[in-house]
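Okay, so here's the structure we're looking at.
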Amino acid sequence: MTEDKSKLLRSLSIDRSANKPERSNRRWLPISAAIVACVVAFAAFGAYEFRRQDPPKETASQIAQQPAAQPQTPQQPAPNNKAAGNLAASGYVVARRKATVAAEITGKVVAVFIDEGMTVTEGQIVARLDSVLAERDYELARSRVETADAAIAAITADLEDATRIMTRIQTLSQKNFATEADLTKAQARVGVLSAQLRQARSQFETAKIDAKRSASMLDKHQIRAPFAGVVIDRSAQPGEMISPMSVGGYTRTGICTIVDMDSIEIEVDVNEAFIGRVVPGGAVNAMLDAYPDWTIPASVIAIVPTANREKATVKVRIRFDKKDPRILPDMAVKVNFLADAKVKGTTETTAAN
């Protein structure tokens, strides 16, 4: 009975030595499968990336072959011309003729005849300085002219009398009624008076020049407008001292500022990277910040042949095709360079070449 139980127990026992290799193989099988799956996944991902990057290379090669197969046509510059229409810049309205009217001499302002917004003509008197001393100098110079003129008249009369005496003595000397000494004395008298006459005439010319100078100095006390325009600033008031240079206690150097409204234009700074899109004579649309809904036709006058190193810009001058009283100096403005201007400029350049 005991032996049967022992045999039964041995039959139920597990032989671990025989099953050990089999369990080891079962344990490594999932790991191997995972490694194979990862390799397959990386291979699939690499193939996908290769397919995704491959079409641009083929497209690039096709694009590189297109210029060789198709000749260039005049329509190719069209994208650049279209881009030129998008070129915009900002700047200000400026006046080419703008002057601060000042006196050439130092003096006290006694009258100012202008005010802001007034229109003046060329040569119009805008102010007057105290001219009492200048008037006295001019009167003195005129009296010197009159004195020199009277001296000429007196010497001329003496010379004519001395000439008649010398002629009479020469006649008497030929008839032995006058001595040689009398003749020599008469000739000397005529010579002295002739020299005095030349001196008097020279003094007369000097006096006239001095009188003109005094008149010019007197006229400088009348300050006039150098050109026709509009007064935009009045600086001096009656009673103030004015001088061409601000020295000592003088605080005023100008009477007013005049602007020629016919000379207003636009100055804008264009980035030097896009200056090639701007052509002289090209059409431009200008819009004032004060009137944003008002488009003003304009055109390019010139490209100033220098660049700003600090801002990397080039200055462009633009004219208004039509003047308007609403356009004032120093107004902010934005401009758009039209594409048609670039096309026209390119066509003209090609035809010239």
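By convention in this document, the chains of the structure tokens carry letters A, B, ... by their order, each chain's residues are numbered from 1, and ligands are numbered from 1 in the order they are shown.
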Near-Ala89 of chain A list (8 Å; only C-alpha atoms; drop same-chain fewer than 2 positions) as JSON, numbers by chain: {"A": [87, 91, 268, 269, 270, 334, 335, 336]}
Selection file, C-alpha atoms, as a PDB file, in the first residue's frame:
ATOM      1  CA  LEU A  87       5.313 100.274 -52.380  1.00  0.00           C
ATOM      2  CA  GLY A  91       6.844 111.938 -45.386  1.00  0.00           C
ATOM      3  CA  VAL A 268       9.463 110.981 -48.456  1.00  0.00           C
ATOM      4  CA  ASP A 269      12.104 108.498 -47.328  1.00  0.00           C
ATOM      5  CA  VAL A 270      12.061 105.209 -49.250  1.00  0.00           C
ATOM      6  CA  LYS A 334       1.484 108.995 -47.125  1.00  0.00           C
ATOM      7  CA  VAL A 335       2.175 108.061 -50.744  1.00  0.00           C
ATOM      8  CA  ASN A 336       1.706 104.964 -52.894  1.00  0.00           C
TER       9      ASN A 336
END
What does the distance from atom CA of Glu135 of chain A to atom CA of Ala111 of chain A come to in Å, to one decimal?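 These two atoms are separated by 16.8 Å.
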Can you tell me how far atom CA of Gly123 of chain A sits from atom CA of Val231 of chain A, in Å to one decimal?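 Computing the Euclidean distance for atom CA of Gly123 of chain A and atom CA of Val231 of chain A yields 13.9 Å.
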Exercise: Leu183 of chain A partners within 7 Å, only C-alpha atoms, chain neighbours under 4 positions left out, as JSON, numbers by chain: {"A": [166, 169, 170, 179, 187]}
Keeping N, CA and C atoms for every residue in the selection just given, could you write it to a file as a PDB file, in the first residue's frame?
ATOM      1  N   MET A 166      44.199 184.208 -72.188  1.00  0.00           N
ATOM      2  CA  MET A 166      45.384 183.647 -72.821  1.00  0.00           C
ATOM      3  C   MET A 166      45.312 183.824 -74.334  1.00  0.00           C
ATOM      4  N   ILE A 169      46.166 187.492 -75.079  1.00  0.00           N
ATOM      5  CA  ILE A 169      47.596 187.779 -74.894  1.00  0.00           C
ATOM      6  C   ILE A 169      48.413 187.174 -76.021  1.00  0.00           C
ATOM      7  N   GLN A 170      48.012 186.006 -76.473  1.00  0.00           N
ATOM      8  CA  GLN A 170      48.741 185.418 -77.609  1.00  0.00           C
ATOM      9  C   GLN A 170      48.630 186.322 -78.840  1.00  0.00           C
ATOM     10  N   THR A 179      54.207 191.034 -73.481  1.00  0.00           N
ATOM     11  CA  THR A 179      55.496 190.387 -73.258  1.00  0.00           C
ATOM     12  C   THR A 179      55.325 188.874 -73.188  1.00  0.00           C
ATOM     13  N   GLN A 187      49.075 181.187 -69.712  1.00  0.00           N
ATOM     14  CA  GLN A 187      49.040 179.752 -69.986  1.00  0.00           C
ATOM     15  C   GLN A 187      49.077 178.934 -68.699  1.00  0.00           C
TER      16      GLN A 187
END
Quick one: distance from atom CA of Leu129 of chain A to atom CA of Ala141 of chain A in Å, one decimal? 20.5 Å
Assign secondary structure with DSSP using the backbone only, and return the residues of segment 170-255 of chain A in helix (DSSP H, G or I) as a PyMOL selection string. chain A and resi 170-174+180-219
Considering only C-alpha atoms, can you say which of A:Met287, A:Leu338, A:Val190, A:Val230 comes closest to Val120 of chain A?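 Looking only at the distances to Val120 of chain A, the closest residue turns out to be A:Val230.
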